[in-house]
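Asks: For reference, this is data_26.cif, and it has mmCIF, C-alpha atoms.
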```cif
data_model
loop_
_atom_site.group_PDB
_atom_site.id
_atom_site.type_symbol
_atom_site.label_atom_id
_atom_site.label_comp_id
_atom_site.auth_asym_id
_atom_site.auth_seq_id
_atom_site.Cartn_x
_atom_site.Cartn_y
_atom_site.Cartn_z
ATOM 1 C CA GLN L 1147 23.337 15.896 -11.596
ATOM 2 C CA VAL L 1148 22.253 13.414 -8.957
ATOM 3 C CA ARG L 1149 18.737 11.995 -9.051
ATOM 4 C CA LEU L 1150 17.328 10.585 -5.816
ATOM 5 C CA VAL L 1151 14.465 8.092 -5.826
ATOM 6 C CA GLU L 1152 12.782 7.173 -2.540
ATOM 7 C CA SER L 1153 10.689 4.179 -1.596
ATOM 8 C CA GLY L 1154 8.928 3.065 1.543
ATOM 9 C CA GLY L 1155 6.782 5.139 3.826
ATOM 10 C CA GLY L 1156 3.072 4.741 4.396
ATOM 11 C CA LEU L 1157 0.676 4.455 7.312
ATOM 12 C CA VAL L 1158 1.551 2.725 10.568
ATOM 13 C CA GLN L 1159 0.228 2.671 14.109
ATOM 14 C CA ALA L 1160 2.167 4.233 16.947
ATOM 15 C CA GLY L 1161 4.893 1.904 18.136
ATOM 16 C CA GLY L 1162 5.272 0.354 14.713
ATOM 17 C CA SER L 1163 8.141 0.397 12.241
ATOM 18 C CA LEU L 1164 8.779 1.588 8.719
ATOM 19 C CA ARG L 1165 11.755 1.473 6.395
ATOM 20 C CA LEU L 1166 12.678 4.177 3.908
ATOM 21 C CA SER L 1167 15.120 3.612 1.089
ATOM 22 C CA CYS L 1168 16.714 6.037 -1.345
ATOM 23 C CA THR L 1169 18.901 5.348 -4.367
ATOM 24 C CA ALA L 1170 21.035 7.908 -6.129
ATOM 25 C CA SER L 1171 21.645 7.780 -9.868
ATOM 26 C CA GLY L 1172 23.360 9.883 -12.466
ATOM 27 C CA SER L 1173 26.818 10.081 -13.920
ATOM 28 C CA GLY L 1174 30.110 11.542 -12.900
ATOM 29 C CA PHE L 1175 29.197 12.068 -9.279
ATOM 30 C CA SER L 1176 30.684 11.143 -5.969
ATOM 31 C CA ILE L 1177 28.400 11.499 -2.980
ATOM 32 C CA ASN L 1178 29.826 12.590 0.335
ATOM 33 C CA ILE L 1179 26.778 12.846 2.564
ATOM 34 C CA MET L 1180 23.397 11.117 2.290
ATOM 35 C CA GLY L 1181 20.520 11.464 4.653
ATOM 36 C CA TRP L 1182 16.923 12.241 5.452
ATOM 37 C CA TYR L 1183 15.010 15.359 6.319
ATOM 38 C CA ARG L 1184 11.325 15.677 7.118
ATOM 39 C CA GLN L 1185 8.665 18.329 6.967
ATOM 40 C CA ALA L 1186 5.412 18.231 8.892
ATOM 41 C CA PRO L 1187 2.437 20.425 7.911
ATOM 42 C CA GLY L 1188 2.996 24.016 8.941
ATOM 43 C CA LYS L 1189 6.569 23.354 10.048
ATOM 44 C CA GLN L 1190 10.013 23.878 8.579
ATOM 45 C CA ARG L 1191 11.988 21.062 7.047
ATOM 46 C CA GLU L 1192 14.220 19.510 9.689
ATOM 47 C CA LEU L 1193 17.144 17.134 9.809
ATOM 48 C CA VAL L 1194 16.390 13.529 10.716
ATOM 49 C CA ALA L 1195 19.703 11.757 10.124
ATOM 50 C CA THR L 1196 22.757 11.862 7.893
ATOM 51 C CA ILE L 1197 25.609 9.512 7.088
ATOM 52 C CA THR L 1198 28.913 10.257 5.416
ATOM 53 C CA SER L 1199 30.753 8.149 2.863
ATOM 54 C CA ARG L 1200 32.886 6.916 5.758
ATOM 55 C CA TYR L 1201 29.745 5.876 7.666
ATOM 56 C CA SER L 1202 29.850 8.608 10.277
ATOM 57 C CA THR L 1203 26.279 9.243 11.410
ATOM 58 C CA ASN L 1204 24.357 12.142 12.867
ATOM 59 C CA TYR L 1205 20.825 12.046 14.300
ATOM 60 C CA SER L 1206 18.397 14.626 15.545
ATOM 61 C CA ASP L 1207 17.706 14.294 19.254
ATOM 62 C CA SER L 1208 14.060 13.485 18.545
ATOM 63 C CA VAL L 1209 14.897 10.231 16.737
ATOM 64 C CA LYS L 1210 18.024 9.022 18.557
ATOM 65 C CA GLY L 1211 17.637 5.476 19.774
ATOM 66 C CA ARG L 1212 14.617 4.846 17.536
ATOM 67 C CA PHE L 1213 15.867 5.443 13.996
ATOM 68 C CA THR L 1214 18.914 3.926 12.314
ATOM 69 C CA ILE L 1215 20.517 5.194 9.134
ATOM 70 C CA SER L 1216 22.702 2.979 6.970
ATOM 71 C CA ARG L 1217 24.348 3.218 3.608
ATOM 72 C CA ASP L 1218 25.679 1.081 0.777
ATOM 73 C CA ASN L 1219 28.312 3.095 -1.068
ATOM 74 C CA ALA L 1220 28.606 0.574 -3.883
ATOM 75 C CA LYS L 1221 24.884 0.876 -4.625
ATOM 76 C CA ASN L 1222 24.562 4.592 -3.752
ATOM 77 C CA THR L 1223 21.717 3.693 -1.426
ATOM 78 C CA VAL L 1224 20.743 5.009 1.980
ATOM 79 C CA VAL L 1225 18.197 3.355 4.272
ATOM 80 C CA LEU L 1226 16.365 4.768 7.270
ATOM 81 C CA GLN L 1227 14.965 2.150 9.626
ATOM 82 C CA MET L 1228 12.339 3.755 11.835
ATOM 83 C CA ASN L 1229 11.211 1.922 14.973
ATOM 84 C CA SER L 1230 8.957 2.881 17.871
ATOM 85 C CA LEU L 1231 7.234 5.428 15.678
ATOM 86 C CA LYS L 1232 5.239 8.214 17.282
ATOM 87 C CA PRO L 1233 2.437 10.386 15.887
ATOM 88 C CA GLU L 1234 4.839 13.336 15.939
ATOM 89 C CA ASP L 1235 7.005 11.509 13.393
ATOM 90 C CA THR L 1236 4.256 12.094 10.837
ATOM 91 C CA ALA L 1237 5.732 14.113 7.973
ATOM 92 C CA VAL L 1238 6.935 14.024 4.409
ATOM 93 C CA TYR L 1239 10.412 12.519 4.450
ATOM 94 C CA TYR L 1240 12.947 13.727 1.897
ATOM 95 C CA CYS L 1241 16.114 11.977 0.832
ATOM 96 C CA TYR L 1242 19.126 14.281 0.647
ATOM 97 C CA SER L 1243 22.601 14.051 -0.794
ATOM 98 C CA LEU L 1244 25.624 16.287 -0.971
ATOM 99 C CA ASP L 1245 28.213 15.470 -3.602
ATOM 100 C CA SER L 1246 31.947 15.983 -3.350
ATOM 101 C CA TRP L 1247 31.608 19.374 -5.085
ATOM 102 C CA GLY L 1248 29.129 20.577 -2.456
ATOM 103 C CA HIS L 1249 26.045 20.325 -4.654
ATOM 104 C CA PRO L 1250 22.872 19.275 -2.793
ATOM 105 C CA SER L 1251 20.113 17.125 -4.247
ATOM 106 C CA TRP L 1252 16.670 16.224 -2.940
ATOM 107 C CA GLY L 1253 14.241 13.404 -3.537
ATOM 108 C CA GLN L 1254 10.571 13.981 -4.292
ATOM 109 C CA GLY L 1255 9.491 13.089 -0.755
ATOM 110 C CA THR L 1256 7.532 10.195 0.717
ATOM 111 C CA GLN L 1257 4.697 10.442 3.229
ATOM 112 C CA VAL L 1258 4.980 8.805 6.634
ATOM 113 C CA THR L 1259 1.827 8.826 8.752
ATOM 114 C CA VAL L 1260 1.749 7.467 12.297
ATOM 115 C CA SER L 1261 -1.671 7.017 13.829
ATOM 116 C CA SER L 1262 -2.255 7.147 17.580
#
```
Kindly present the structure from the file in structure tokens form.

Replies:
Amino acid sequence: QVRLVESGGGLVQAGGSLRLSCTASGSGFSINIMGWYRQAPGKQRELVATITSRYSTNYSDSVKGRFTISRDNAKNTVVLQMNSLKPEDTAVYYCYSLDSWGHPSWGQGTQVTVSS
């Protein structure tokens, strides 16, 4: 089983930047997709960005041009660089992975708060 541990997040003013990092650990796994989802109060969890093991990326329209996802396959780490943050980006951000057998895993979540 894959264990995901997130770091980063916090409070920032609108227009500022934050960096989220997530590292996967465990044994006997091969991760295909890593990424980030977020959930704001009273809303459903939504996709933010994903990246495959071959570095193909996918972003939600709401973050395109502001957020950048990257990955280090050797370290099983995924990073989300968030720039030009807006109050509507406020949410709990969850790291996500999908292994080569199709098993999903989730991190514990990290709070991102953007003040106006």

Asks: Residues around (10.4, 20.4, 6.7), cut-off 9 Å, counting all atoms listed in the file - what are they as a ChimeraX atom specification?

Replies: /L:1183-1193,1237-1240

Asks: For the atom pair atom CA of L:Trp1182 and atom CA of L:Cys1241, what is the interatomic distance in Å to one decimal place?

Replies: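 Those two atoms sit 4.7 Å apart.
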
Asks: For the file shown, what are the residues hit by the PyMOL selection byres ((chain L and resi 1247) around 9), laid out as a ChimeraX atom specification?

Replies: /L:1175-1178,1244-1246,1248-1249

Asks: Measure the distance from atom CA of L:Ile1215 to atom CA of L:Glu1152 in Å and round it to one decimal.

Replies: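 That distance, rounded to one decimal, is 14.1 Å.
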
Asks: Where does the PyMOL selection byres ((chain L and resi 1158) around 10) land in this file, that is, which residues does it pick, as a list in words?

Replies: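 In the shown coordinates, the PyMOL selection byres ((chain L and resi 1158) around 10) covers Gly1155, Gly1156, Leu1157, Gln1159, Ala1160, Gly1161, Gly1162, Ser1163, Leu1164, Leu1231, Lys1232, Pro1233, Thr1236, Val1258, Thr1259, Val1260, Ser1261 and Ser1262 of chain L.
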
Asks: Filtering to C-alpha atoms, could you give me those residues as a compact mmCIF listing (two decimals), in the frame of the given file?

Replies:
```
# COMPACT_ATOMS: atom_id res chain seq x y z
CA GLY L 1155 6.78 5.14 3.83
CA GLY L 1156 3.07 4.74 4.40
CA LEU L 1157 0.68 4.46 7.31
CA GLN L 1159 0.23 2.67 14.11
CA ALA L 1160 2.17 4.23 16.95
CA GLY L 1161 4.89 1.90 18.14
CA GLY L 1162 5.27 0.35 14.71
CA SER L 1163 8.14 0.40 12.24
CA LEU L 1164 8.78 1.59 8.72
CA LEU L 1231 7.23 5.43 15.68
CA LYS L 1232 5.24 8.21 17.28
CA PRO L 1233 2.44 10.39 15.89
CA THR L 1236 4.26 12.09 10.84
CA VAL L 1258 4.98 8.80 6.63
CA THR L 1259 1.83 8.83 8.75
CA VAL L 1260 1.75 7.47 12.30
CA SER L 1261 -1.67 7.02 13.83
CA SER L 1262 -2.26 7.15 17.58
```

Asks: Rounded to one decimal in Å, what is the spacing between atom CA of L:Tyr1205 and atom CA of L:Lys1221?

Replies: 22.3 Å

Asks: Using only C-alpha atoms, which of L:Arg1217, L:Arg1149, L:Lys1210, L:Arg1165 sits nearest L:Gln1254?

Replies: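 Selected residue with least distance to L:Gln1254: L:Arg1149.
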
Asks: Give as number ranges by chain the set of residues within 10 Å of the point (17.5, 11.2, 1.6), where distances use the file's coordinates and all atoms listed in the file.

Replies: L: 1150-1152, 1166-1170, 1179-1184, 1194-1197, 1223-1226, 1239-1244, 1251-1255

Asks: Please evaluate the PyMOL selection byres ((chain L and resi 1214) around 7) against the displayed coordinates and give the resulting residues as a PyMOL selection string.

Replies: chain L and resi 1212-1213+1215-1216+1226-1228

Asks: For the residues in the current selection, export C-alpha atoms as a short mmCIF file (atom, residue, chain, number, x, y, z; two decimals), in the frame of the given file.

Replies:
```
data_model
loop_
_atom_site.label_atom_id
_atom_site.label_comp_id
_atom_site.auth_asym_id
_atom_site.auth_seq_id
_atom_site.Cartn_x
_atom_site.Cartn_y
_atom_site.Cartn_z
CA ARG L 1212 14.62 4.85 17.54
CA PHE L 1213 15.87 5.44 14.00
CA ILE L 1215 20.52 5.19 9.13
CA SER L 1216 22.70 2.98 6.97
CA LEU L 1226 16.36 4.77 7.27
CA GLN L 1227 14.96 2.15 9.63
CA MET L 1228 12.34 3.76 11.84
#
```

Asks: As AutoDock Vina command-line options, please: the centre and edge lengths in Å, to one decimal, of an axis-aligned box enclosing every listed atom of stretch 1209-1223 of chain L with 3 Å added on each side.

Replies:
```
--center_x 21.6 --center_y 5.4 --center_z 7.6 --size_x 20.0 --size_y 15.7 --size_z 30.4
```

Asks: For a quick check of understanding, using only C-alpha atoms, which of L:Ser1206, L:Ser1199, L:Asp1235, L:Val1148 has the smallest distance to L:Gly1172?

Replies: L:Val1148
